[in-house]
>>> print(open('run-v4.txt').read())   # compact mmCIF, C-alpha atoms
# COMPACT_ATOMS: atom_id res chain seq x y z
CA MET A 82 32.20 -16.95 7.89
CA SER A 83 33.43 -19.80 10.08
CA ALA A 84 33.88 -23.31 8.69
CA ALA A 85 31.27 -24.67 11.08
CA GLN A 86 28.22 -22.97 9.64
CA PRO A 87 26.00 -24.82 7.19
CA PRO A 88 26.38 -23.81 3.54
CA ALA A 89 23.75 -21.52 2.05
CA TYR A 90 21.80 -22.28 -1.11
CA GLY A 91 19.63 -19.79 -2.95
CA LEU A 92 15.84 -19.96 -3.20
CA ILE A 93 14.06 -17.61 -5.58
CA LEU A 94 10.37 -17.26 -4.77
CA ALA A 95 8.39 -17.27 -7.99
CA GLY A 96 5.14 -18.90 -6.91
CA GLY A 97 3.08 -15.81 -6.17
CA ALA A 98 -0.12 -14.92 -7.93
CA SER A 99 1.01 -11.38 -8.96
CA THR A 100 -2.55 -10.18 -8.46
CA ARG A 101 -1.73 -6.48 -8.18
CA MET A 102 0.58 -6.51 -11.20
CA LYS A 103 -2.08 -8.31 -13.27
CA ARG A 104 0.67 -10.26 -15.03
CA ASP A 105 3.34 -12.74 -13.93
CA LYS A 106 5.91 -10.74 -11.98
CA ALA A 107 8.63 -13.30 -12.60
CA GLN A 108 8.37 -12.41 -16.31
CA LEU A 109 8.75 -8.65 -16.02
CA GLN A 110 11.85 -7.49 -17.85
CA TYR A 111 14.62 -5.15 -16.81
CA HIS A 112 17.49 -4.49 -19.21
CA GLY A 113 16.33 -7.36 -21.39
CA LYS A 114 16.21 -9.99 -18.65
CA THR A 115 13.21 -11.25 -16.76
CA GLN A 116 13.15 -10.57 -13.03
CA LEU A 117 13.42 -14.27 -12.38
CA ASP A 118 16.49 -14.67 -14.61
CA ARG A 119 18.13 -11.61 -13.13
CA VAL A 120 17.64 -12.55 -9.48
CA PHE A 121 18.62 -16.16 -10.18
CA GLU A 122 21.89 -15.09 -11.82
CA LEU A 123 22.58 -12.65 -9.02
CA ALA A 124 22.11 -15.31 -6.34
CA ALA A 125 24.22 -17.79 -8.30
CA ARG A 126 27.21 -15.46 -7.95
CA HIS A 127 27.03 -15.76 -4.17
CA VAL A 128 25.96 -19.30 -3.30
CA GLU A 129 26.84 -22.75 -4.57
CA ARG A 130 23.38 -23.82 -5.78
CA VAL A 131 20.18 -21.92 -6.55
CA PHE A 132 16.62 -23.22 -6.88
CA VAL A 133 13.35 -21.67 -7.91
CA SER A 134 10.40 -22.15 -5.56
CA VAL A 135 7.16 -22.97 -7.40
CA ARG A 136 3.69 -24.30 -6.79
CA ALA A 137 2.89 -27.74 -8.24
CA ALA A 138 0.76 -26.08 -10.92
CA GLN A 139 3.79 -24.15 -12.21
CA ILE A 140 6.29 -26.95 -12.80
CA ASP A 141 5.68 -27.00 -16.54
CA ASP A 142 5.88 -23.24 -16.99
CA PRO A 143 8.76 -22.77 -19.48
CA ALA A 144 10.13 -19.67 -17.70
CA ARG A 145 10.55 -21.68 -14.50
CA SER A 146 11.10 -25.27 -15.61
CA ARG A 147 14.56 -24.58 -17.02
CA TYR A 148 15.78 -23.98 -13.48
CA PRO A 149 16.25 -26.47 -10.64
CA LEU A 150 12.89 -26.35 -8.87
CA ILE A 151 11.69 -26.87 -5.35
CA VAL A 152 8.00 -27.62 -5.56
CA ASP A 153 5.81 -26.78 -2.58
CA SER A 154 5.63 -29.94 -0.48
CA VAL A 155 3.77 -28.69 2.57
CA ALA A 156 0.19 -27.43 2.88
CA GLY A 157 -0.78 -23.80 3.19
CA GLU A 158 -0.24 -20.65 1.22
CA GLY A 159 2.21 -17.80 0.91
CA PRO A 160 5.99 -17.63 1.05
CA ILE A 161 6.27 -19.69 4.26
CA VAL A 162 5.27 -22.75 2.25
CA GLY A 163 8.11 -22.21 -0.21
CA ILE A 164 10.65 -21.65 2.55
CA ARG A 165 9.52 -24.71 4.51
CA SER A 166 9.59 -26.86 1.37
CA ALA A 167 13.21 -25.86 0.72
CA LEU A 168 14.23 -26.54 4.32
CA ALA A 169 12.55 -29.94 4.04
CA ALA A 170 14.26 -30.77 0.73
CA HIS A 171 17.76 -29.98 2.05
CA PRO A 172 17.62 -30.07 5.85
CA ASP A 173 21.31 -29.32 6.36
CA VAL A 174 21.65 -26.12 4.42
CA ALA A 175 20.61 -22.56 5.05
CA TRP A 176 18.59 -20.73 2.41
CA LEU A 177 19.24 -17.33 0.94
CA VAL A 178 15.57 -16.60 0.22
CA LEU A 179 14.87 -13.90 -2.35
CA ALA A 180 11.63 -12.56 -3.76
CA CYS A 181 11.80 -12.27 -7.52
CA ASP A 182 10.34 -8.74 -7.48
CA LEU A 183 13.42 -6.89 -6.27
CA PRO A 184 14.75 -5.04 -9.34
CA PHE A 185 17.24 -3.00 -7.29
CA LEU A 186 18.82 -5.95 -5.51
CA SER A 187 22.59 -5.78 -5.90
CA ASP A 188 25.68 -7.93 -5.44
CA ALA A 189 26.70 -5.63 -2.61
CA ALA A 190 23.41 -6.21 -0.80
CA LEU A 191 23.76 -9.99 -1.00
CA GLU A 192 27.42 -9.82 0.06
CA GLN A 193 26.53 -7.79 3.13
CA LEU A 194 23.65 -10.08 4.10
CA LEU A 195 25.76 -13.24 3.79
CA ALA A 196 28.70 -11.65 5.60
CA GLU A 197 26.52 -10.69 8.54
CA ARG A 198 24.67 -14.00 8.62
CA ASP A 199 24.25 -15.50 12.12
CA PRO A 200 23.69 -19.30 12.03
CA ALA A 201 22.69 -19.23 15.71
CA SER A 202 19.55 -17.22 14.86
CA SER A 203 16.60 -18.68 12.98
CA ALA A 204 17.28 -16.21 10.22
CA THR A 205 19.29 -13.16 9.27
CA ALA A 206 17.19 -10.48 7.63
CA TYR A 207 17.50 -6.90 6.45
CA ARG A 208 15.58 -4.19 8.20
CA SER A 209 13.15 -2.65 5.72
CA ALA A 210 14.00 0.98 5.08
CA HIS A 211 10.27 1.62 4.73
CA ASP A 212 8.81 0.44 7.99
CA GLY A 213 11.75 -0.70 10.12
CA LEU A 214 10.51 -4.29 10.23
CA PRO A 215 12.53 -7.34 9.14
CA GLU A 216 12.23 -8.25 5.46
CA PRO A 217 11.65 -12.03 5.22
CA LEU A 218 12.04 -12.27 1.46
CA CYS A 219 15.61 -11.07 1.31
CA ALA A 220 16.98 -13.12 4.19
CA VAL A 221 19.03 -16.17 5.12
CA TRP A 222 16.90 -18.85 6.75
CA GLU A 223 18.90 -21.33 8.85
CA PRO A 224 18.15 -25.08 9.17
CA LYS A 225 16.87 -24.60 12.71
CA ALA A 226 14.01 -22.47 11.36
CA ALA A 227 12.38 -25.58 9.83
CA ALA A 228 10.86 -26.87 13.07
CA GLU A 229 10.00 -23.37 14.28
CA LEU A 230 8.21 -22.52 11.03
CA GLU A 231 6.28 -25.77 11.18
CA ALA A 232 5.09 -24.96 14.70
CA TYR A 233 4.30 -21.38 13.71
CA GLN A 234 2.22 -22.52 10.77
CA ALA A 235 0.51 -25.21 12.86
CA GLY A 236 -0.52 -22.43 15.24
CA GLY A 237 -2.22 -20.57 12.40
CA GLY A 238 0.70 -18.26 11.56
CA LYS A 239 1.03 -17.17 7.93
CA CYS A 240 3.19 -14.08 7.90
CA PRO A 241 6.94 -14.75 7.67
CA ARG A 242 7.60 -11.20 8.80
CA LYS A 243 5.71 -11.72 12.07
CA PHE A 244 7.60 -14.99 12.51
CA LEU A 245 10.91 -13.13 12.23
CA ILE A 246 9.78 -10.54 14.78
CA ARG A 247 8.77 -13.24 17.27
CA HIS A 248 11.81 -15.45 16.80
CA ALA A 249 14.40 -12.72 17.25
CA ALA A 250 15.99 -12.98 13.85
CA LYS A 251 19.29 -11.22 13.43
CA ILE A 252 18.51 -7.88 11.83
CA VAL A 253 20.95 -6.26 9.46
CA GLU A 254 20.84 -2.58 8.50
CA PRO A 255 21.10 -2.39 4.70
CA GLU A 256 23.91 -0.19 3.45
CA ASP A 257 22.05 0.11 0.14
CA ARG A 258 18.64 1.41 1.25
CA ARG A 259 17.06 0.95 -2.17
CA ALA A 260 18.08 -2.67 -2.57
CA LEU A 261 14.83 -4.01 -1.17
CA ASP A 262 12.34 -1.78 -2.99
CA ASN A 263 9.91 -4.13 -4.60
CA VAL A 264 7.57 -3.80 -7.52
CA ASN A 265 3.96 -4.86 -7.20
CA THR A 266 1.95 -2.73 -9.58
CA PRO A 267 2.24 -1.55 -13.19
CA ASP A 268 2.95 1.98 -11.93
CA GLU A 269 5.78 0.80 -9.70
CA TYR A 270 7.19 -1.17 -12.62
CA ALA A 271 7.21 1.90 -14.83
CA GLN A 272 8.90 3.89 -12.07
CA ALA A 273 11.53 1.21 -11.54
CA LEU A 274 12.37 1.17 -15.24
CA GLY A 275 12.81 4.92 -15.10
CA VAL A 276 15.09 4.76 -12.08
CA LEU A 277 17.21 1.94 -13.49
CA SER A 278 17.81 3.85 -16.69
CA ALA A 279 18.45 7.15 -14.91
CA GLY A 280 20.74 5.56 -12.39
CA THR A 281 21.41 7.43 -9.21
CA LEU A 282 19.93 8.54 -5.93
CA PRO A 283 19.76 12.22 -5.04
CA GLU A 284 23.09 13.12 -3.50
CA ASN A 285 22.06 16.43 -2.09
CA PRO A 286 19.12 17.04 0.18
CA MET A 287 16.15 18.68 -1.47
CA GLN A 288 13.18 20.58 -0.12
CA LEU A 289 9.74 19.04 -0.20
CA LYS A 290 6.44 20.37 1.05
CA ILE A 291 4.57 17.85 3.19
CA GLN A 292 0.91 18.32 4.12
CA TYR A 293 -0.78 16.32 6.85
CA TYR A 294 -4.46 15.51 7.26
CA ALA A 295 -6.68 13.94 9.90
CA LEU A 296 -4.97 11.40 12.15
CA MET A 297 -1.57 12.12 10.63
CA ARG A 298 -1.99 15.86 11.17
CA GLU A 299 -2.67 15.20 14.83
CA GLN A 300 0.24 12.80 15.20
CA ALA A 301 2.66 15.12 13.41
CA GLY A 302 1.34 18.09 15.38
CA ARG A 303 1.22 20.25 12.25
CA SER A 304 -0.69 20.67 8.98
CA GLU A 305 2.31 21.18 6.77
CA GLU A 306 6.04 21.68 6.73
CA ILE A 307 8.91 22.29 4.38
CA LEU A 308 11.29 19.38 4.80
CA GLU A 309 14.91 18.99 3.79
CA THR A 310 15.41 15.34 2.87
CA ARG A 311 17.39 12.85 0.81
CA ALA A 312 14.36 10.57 0.49
CA ALA A 313 14.29 9.36 -3.09
CA THR A 314 10.67 8.17 -3.09
CA PRO A 315 7.47 8.63 -1.06
CA ALA A 316 8.20 5.21 0.47
CA ASP A 317 11.57 6.40 1.77
CA LEU A 318 10.00 9.65 2.92
CA TYR A 319 7.28 7.89 4.89
CA GLY A 320 9.91 5.75 6.62
CA GLU A 321 11.78 8.89 7.60
CA LEU A 322 8.67 10.70 8.86
CA GLN A 323 7.30 7.65 10.64
CA ALA A 324 10.54 7.44 12.59
CA ARG A 325 10.28 11.13 13.46
CA TYR A 326 6.60 11.39 14.40
CA GLY A 327 5.71 7.82 15.40
CA PHE A 328 2.85 7.52 12.91
CA THR A 329 0.78 4.50 13.92
CA LEU A 330 -0.42 3.70 10.41
CA SER A 331 1.77 1.37 8.39
CA ARG A 332 2.64 2.33 4.84
CA GLU A 333 0.46 -0.51 3.54
CA GLN A 334 -2.58 1.29 4.95
CA LEU A 335 -1.85 4.55 3.16
CA LYS A 336 -1.93 6.03 -0.30
CA VAL A 337 0.25 8.91 -1.34
CA ALA A 338 -0.30 11.94 -3.53
CA VAL A 339 2.45 13.98 -5.15
CA ASN A 340 1.51 17.42 -6.47
CA SER A 341 -2.17 16.71 -5.83
CA GLU A 342 -2.38 13.48 -7.82
CA PHE A 343 -2.25 9.90 -6.55
CA ALA A 344 1.27 8.53 -7.10
CA PRO A 345 3.07 5.19 -6.77
CA TRP A 346 5.25 4.71 -3.70
CA SER A 347 8.29 4.32 -5.93
CA ARG A 348 7.85 7.64 -7.73
CA ARG A 349 11.06 9.68 -7.92
CA LEU A 350 10.69 12.79 -5.81
CA ALA A 351 11.98 16.09 -7.12
CA ALA A 352 12.79 19.32 -5.31
CA GLY A 353 9.65 21.32 -4.61
CA ASP A 354 7.27 18.37 -4.82
CA ALA A 355 4.23 18.56 -2.53
CA VAL A 356 3.58 15.23 -0.82
CA VAL A 357 0.43 14.17 1.03
CA PHE A 358 0.06 10.82 2.76
CA ILE A 359 -3.53 9.63 2.66
CA PRO A 360 -4.77 7.58 5.60
CA PRO A 361 -7.81 5.30 5.19
CA VAL A 362 -10.68 7.46 4.00
CA ALA A 363 -14.19 7.77 5.43
CA GLY A 364 -16.23 10.16 3.33
CA GLY A 365 -20.00 10.07 3.00
CA MET B 155 -20.77 16.80 -13.82
CA ARG B 156 -19.56 18.68 -10.76
CA PHE B 157 -18.19 17.81 -7.34
CA ARG B 158 -17.73 20.42 -4.64
CA PHE B 159 -17.26 20.97 -0.92
CA THR B 160 -19.12 23.31 1.37
CA ASP B 161 -18.63 24.32 4.97
CA THR B 162 -22.23 25.46 5.33
CA PRO B 163 -25.46 23.39 5.20
CA ILE B 164 -26.17 21.92 1.76
CA ASP B 165 -28.98 23.75 -0.07
CA THR B 166 -30.73 20.80 -1.69
CA GLY B 167 -33.26 22.99 -3.50
CA ALA B 168 -30.52 24.91 -5.27
CA ALA B 169 -28.57 21.71 -5.94
CA ARG B 170 -31.63 20.05 -7.49
CA ARG B 171 -32.20 23.02 -9.79
CA GLU B 172 -28.71 22.53 -11.24
CA LEU B 173 -29.88 19.15 -12.56
CA LEU B 174 -33.00 20.40 -14.37
CA ASP B 175 -32.85 19.42 -18.02
CA VAL B 176 -35.63 19.21 -20.57
CA GLY B 177 -34.21 15.89 -21.75
CA ALA B 178 -34.51 14.39 -18.27
CA GLY B 179 -37.59 12.37 -17.37
CA GLY B 180 -36.46 11.58 -13.85
CA TYR B 181 -34.20 12.60 -11.01
CA VAL B 182 -32.76 10.61 -8.08
CA SER B 183 -30.95 12.02 -5.08
CA PHE B 184 -29.17 10.54 -2.08
CA GLU B 185 -28.54 12.27 1.25
CA GLY B 186 -26.03 10.98 3.80
CA TRP B 187 -26.91 12.05 7.38
CA VAL B 188 -24.98 12.10 10.63
CA ARG B 189 -26.11 9.12 12.71
CA ASN B 190 -25.97 8.79 16.48
CA PHE B 191 -24.15 5.44 16.59
CA ASN B 192 -21.29 3.69 14.81
CA GLU B 193 -19.70 0.32 15.49
CA GLY B 194 -21.47 0.03 18.80
CA ARG B 195 -20.53 3.50 20.06
CA GLU B 196 -22.79 6.45 20.73
CA VAL B 197 -21.77 9.36 18.49
CA VAL B 198 -22.62 12.94 19.49
CA ARG B 199 -21.00 14.94 16.68
CA LEU B 200 -18.61 14.66 13.73
CA GLU B 201 -15.87 16.53 11.98
CA TYR B 202 -15.09 16.10 8.29
CA GLU B 203 -11.72 17.02 6.86
CA ALA B 204 -10.66 16.72 3.21
CA PHE B 205 -7.65 17.09 0.97
CA GLN B 206 -9.85 19.23 -1.20
CA VAL B 207 -7.80 19.65 -4.37
CA LEU B 208 -7.38 15.92 -4.89
CA ALA B 209 -10.87 15.09 -3.59
CA VAL B 210 -12.46 17.43 -6.15
CA SER B 211 -10.44 16.01 -9.05
CA GLU B 212 -11.11 12.44 -7.94
CA GLY B 213 -14.80 13.28 -7.31
CA GLU B 214 -15.12 14.67 -10.82
CA ARG B 215 -13.46 11.53 -12.15
CA VAL B 216 -16.13 9.48 -10.35
CA LEU B 217 -18.90 11.58 -11.87
CA ALA B 218 -17.36 11.24 -15.34
CA GLU B 219 -17.17 7.48 -14.87
CA ALA B 220 -20.85 7.41 -13.89
CA ALA B 221 -21.70 9.33 -17.07
CA GLU B 222 -19.71 6.82 -19.14
CA ARG B 223 -21.36 3.81 -17.55
CA PHE B 224 -24.92 5.10 -17.47
CA PRO B 225 -26.74 7.33 -20.00
CA ILE B 226 -27.46 10.19 -17.59
CA ARG B 227 -28.06 13.88 -18.28
CA ARG B 228 -26.52 15.63 -15.28
CA ALA B 229 -24.94 14.72 -11.95
CA LEU B 230 -23.76 16.68 -8.93
CA CYS B 231 -22.21 15.75 -5.59
CA ILE B 232 -21.72 18.09 -2.64
CA HIS B 233 -19.82 17.09 0.51
CA ARG B 234 -19.66 18.94 3.82
CA VAL B 235 -16.45 19.71 5.68
CA GLY B 236 -16.06 21.01 9.22
CA ALA B 237 -18.14 20.32 12.32
CA LEU B 238 -21.50 18.56 11.93
CA GLU B 239 -24.22 17.77 14.46
CA LEU B 240 -26.50 14.73 14.57
CA ALA B 241 -29.00 14.61 11.67
CA ASP B 242 -27.00 17.14 9.63
CA MET B 243 -26.52 16.26 5.98
CA ALA B 244 -22.94 15.19 5.28
CA VAL B 245 -23.20 14.48 1.55
CA TRP B 246 -25.69 14.98 -1.26
CA VAL B 247 -25.72 13.24 -4.65
CA GLY B 248 -28.20 14.02 -7.43
CA VAL B 249 -28.58 12.60 -10.93
CA SER B 250 -31.02 13.40 -13.72
CA SER B 251 -31.57 11.16 -16.72
CA ALA B 252 -34.01 10.33 -19.49
CA HIS B 253 -35.27 7.26 -17.62
CA ARG B 254 -35.34 6.38 -13.92
CA GLY B 255 -33.23 3.20 -14.00
CA GLU B 256 -29.96 4.83 -14.92
CA ALA B 257 -30.53 7.66 -12.45
CA PHE B 258 -30.83 5.14 -9.59
CA ASP B 259 -27.81 3.17 -10.82
CA ALA B 260 -25.61 6.21 -11.34
CA CYS B 261 -26.55 7.71 -7.98
CA ARG B 262 -25.59 4.47 -6.23
CA TYR B 263 -22.33 4.26 -8.17
CA ILE B 264 -21.37 7.83 -7.29
CA ILE B 265 -21.98 7.59 -3.54
CA ASP B 266 -20.20 4.22 -3.29
CA GLU B 267 -17.11 5.44 -5.14
CA VAL B 268 -17.05 8.77 -3.32
CA LYS B 269 -17.01 6.97 0.03
CA HIS B 270 -14.19 4.64 -0.99
CA ARG B 271 -11.90 6.80 -3.09
CA LEU B 272 -11.97 10.44 -2.07
CA PRO B 273 -9.46 11.73 0.49
CA ILE B 274 -12.09 12.72 3.06
CA TRP B 275 -11.79 11.82 6.75
CA LYS B 276 -14.35 11.67 9.52
CA LYS B 277 -13.63 12.15 13.19
CA GLU B 278 -16.33 10.86 15.52
CA HIS B 279 -16.86 12.35 18.96
CA TYR B 280 -18.45 9.89 21.35
CA ARG B 281 -20.84 10.24 24.29
CA SER B 282 -18.05 8.86 26.46
CA GLY B 283 -15.96 11.96 25.73
CA ASP B 284 -13.27 10.47 23.52
CA SER B 285 -12.99 10.60 19.76
CA GLY B 286 -11.50 8.74 16.85
CA TRP B 287 -10.78 8.93 13.11
CA VAL B 288 -13.00 6.37 11.38
CA ASN B 289 -11.06 3.50 9.74
CA CYS B 290 -7.75 4.79 11.15
CA GLU B 291 -7.63 4.11 14.86
CA ARG B 292 -8.56 0.45 15.22
CA CYS B 293 -6.83 -0.81 12.13
CA ALA B 294 -3.59 0.81 13.25
CA ALA B 295 -3.15 -1.93 15.83
CA ALA B 296 -3.23 -4.67 13.19
CA PRO B 297 -1.33 -3.47 10.13
CA GLN B 298 -1.42 -5.60 7.03
CA HIS B 299 1.83 -6.86 5.60
CA ALA B 300 0.95 -6.77 1.97
CA HIS B 301 4.60 -6.44 1.11
CA ALA B 302 5.68 -9.56 2.97
CA HIS B 303 2.97 -11.65 1.31
CA ALA B 304 3.71 -10.53 -2.19
CA THR B 305 6.07 -12.83 -4.04
>>> encode(input="run-v4.txt", output="structure tokens")
Amino acid sequence: MSAAQPPAYGLILAGGASTRMKRDKAQLQYHGKTQLDRVFELAARHVERVFVSVRAAQIDDPARSRYPLIVDSVAGEGPIVGIRSALAAHPDVAWLVLACDLPFLSDAALEQLLAERDPASSATAYRSAHDGLPEPLCAVWEPKAAAELEAYQAGGGKCPRKFLIRHAAKIVEPEDRRALDNVNTPDEYAQALGVLSAGTLPENPMQLKIQYYALMREQAGRSEEILETRAATPADLYGELQARYGFTLSREQLKVAVNSEFAPWSRRLAAGDAVVFIPPVAGG
Amino acid sequence: MRFRFTDTPIDTGAARRELLDVGAGGYVSFEGWVRNFNEGREVVRLEYEAFQVLAVSEGERVLAEAAERFPIRRALCIHRVGALELADMAVWVGVSSAHRGEAFDACRYIIDEVKHRLPIWKKEHYRSGDSGWVNCERCAAAPQHAHAHAT
């Protein structure tokens, strides 16, 4: 990093409604620490100061109030509001913005992101291993993004990911492909706990049976195949197959079944598993 | 409480007989038919495709849920797969129960859940000569970023 670039502070986003998890995601525990505590401590090892982004209604929440807070100060909803509020509070610093639901986030991942940071771009973001798009909630947002985000929001924009695509953010390929896996549902939480206690990714490729239906069968040009892969989860596998076959459906539009039962995207795949991706249904 | 697929026309008389029960005072059925228009386009025929193993287990879960929610005697759902022409029956649901109210309610519950939850796909062929998978083609252009919005 050159001496000229603005310093980076950390911003942990903990203002979300956690609707899919049905409980406060910031309070989920891994190895005896809440997600919020864990991500805060991780960020604090890499930047000088770290804040927690909250909505005004959350400032008295004991899990959050013990940290330095940045309370939403601009109108609107979603993570853009938190990012803009931080840029407004400290206009001369860049922000290492982190979602609090990233249980696999590592020191190495933050080191790589900060090392590859480009202050001339609006932001430096990892490419998601799942869909190839920039990941706005594990990214460094530069001071110059403040005015651009304001204009984007004024124009009706809400999605920080679309903002990054339009504003040519610097995209970094994550060396640790799992680092950005997030946890949104009770099933994904249970899977993450299992992975964290078991430890490692598959080192050797394994064989999976993939079956395709409907639009995906047509786009893959086959009904099934035996695939040799290192994909650890259905999410990884879909990223791999989407790159190969150009599937037009995003992962968010699909469900997945493993061995003929619905499964979470973070399920650990094992050799011989049969995987089916389920596009939007239309029975009846 | 059974769910099954068929690739031949649904025999509603035989299906209804499976629901006969001396404890039932009423019976309600629903038939879904192939319609000649959808979302402003003229449809000439359909194809249904299903991931049958999972659809049957999920369909039987739906029927079991209906039996938990409503005091019914018997329920059955049959879904077509393969090529269908206009006015063909695509799905049949039947419920018998002691009283009519729960039969209506359970029948409605079953068809609604079957449409939303079972891995069944419908390809429409249009008068104009092209075709499309319902709910898959148009939405592909505007993917949702649930991940990016979740904090």
>>> residues_around(input="run-v4.txt", residues="B:Glu212", least_positions_apart="2", cutoff="12 Å", atoms="only C-alpha atoms", output="MDAnalysis selection string")
(chainID A and resid 338 341:343) or (chainID B and resid 156:158 204:210 214:219 231 264 267:274)
>>> residues_around(input="run-v4.txt", residues="A:Ser304", least_positions_apart="4", cutoff="7 Å", atoms="all atoms listed in the file", output="ChimeraX atom specification")
/A:292-294,298
>>> residues_around(input="run-v4.txt", residues="A:Ala249", least_positions_apart="5", cutoff="10 Å", atoms="all atoms listed in the file", output="PyMOL selection string")
chain A and resi 202-205+215+244
>>> residues_around(input="run-v4.txt", residues="B:Asp259", least_positions_apart="6", cutoff="10 Å", atoms="all atoms listed in the file", output="ChimeraX atom specification")
/B:182,220,223-224,226,249
>>> write_last_selection(input="run-v4.txt", atoms="C-alpha atoms", output="compact mmCIF listing (two decimals), keeping the file's coordinate frame")
# COMPACT_ATOMS: atom_id res chain seq x y z
CA VAL B 182 -32.76 10.61 -8.08
CA ALA B 220 -20.85 7.41 -13.89
CA ARG B 223 -21.36 3.81 -17.55
CA PHE B 224 -24.92 5.10 -17.47
CA ILE B 226 -27.46 10.19 -17.59
CA VAL B 249 -28.58 12.60 -10.93
>>> closest_residue(input="run-v4.txt", among="B:Tyr181, B:Trp187, B:Val288, B:Leu174", to="B:His253", atoms="all atoms listed in the file")
B:Tyr181
>>> interface_residues(input="run-v4.txt", of="chain A", to="chain B", cutoff="8 Å", atoms="all atoms listed in the file", output="ChimeraX atom specification")
/A:94-99,159-160,180-182,216-218,240-242,265,294-296,329-331,333-334,341-342,359-365
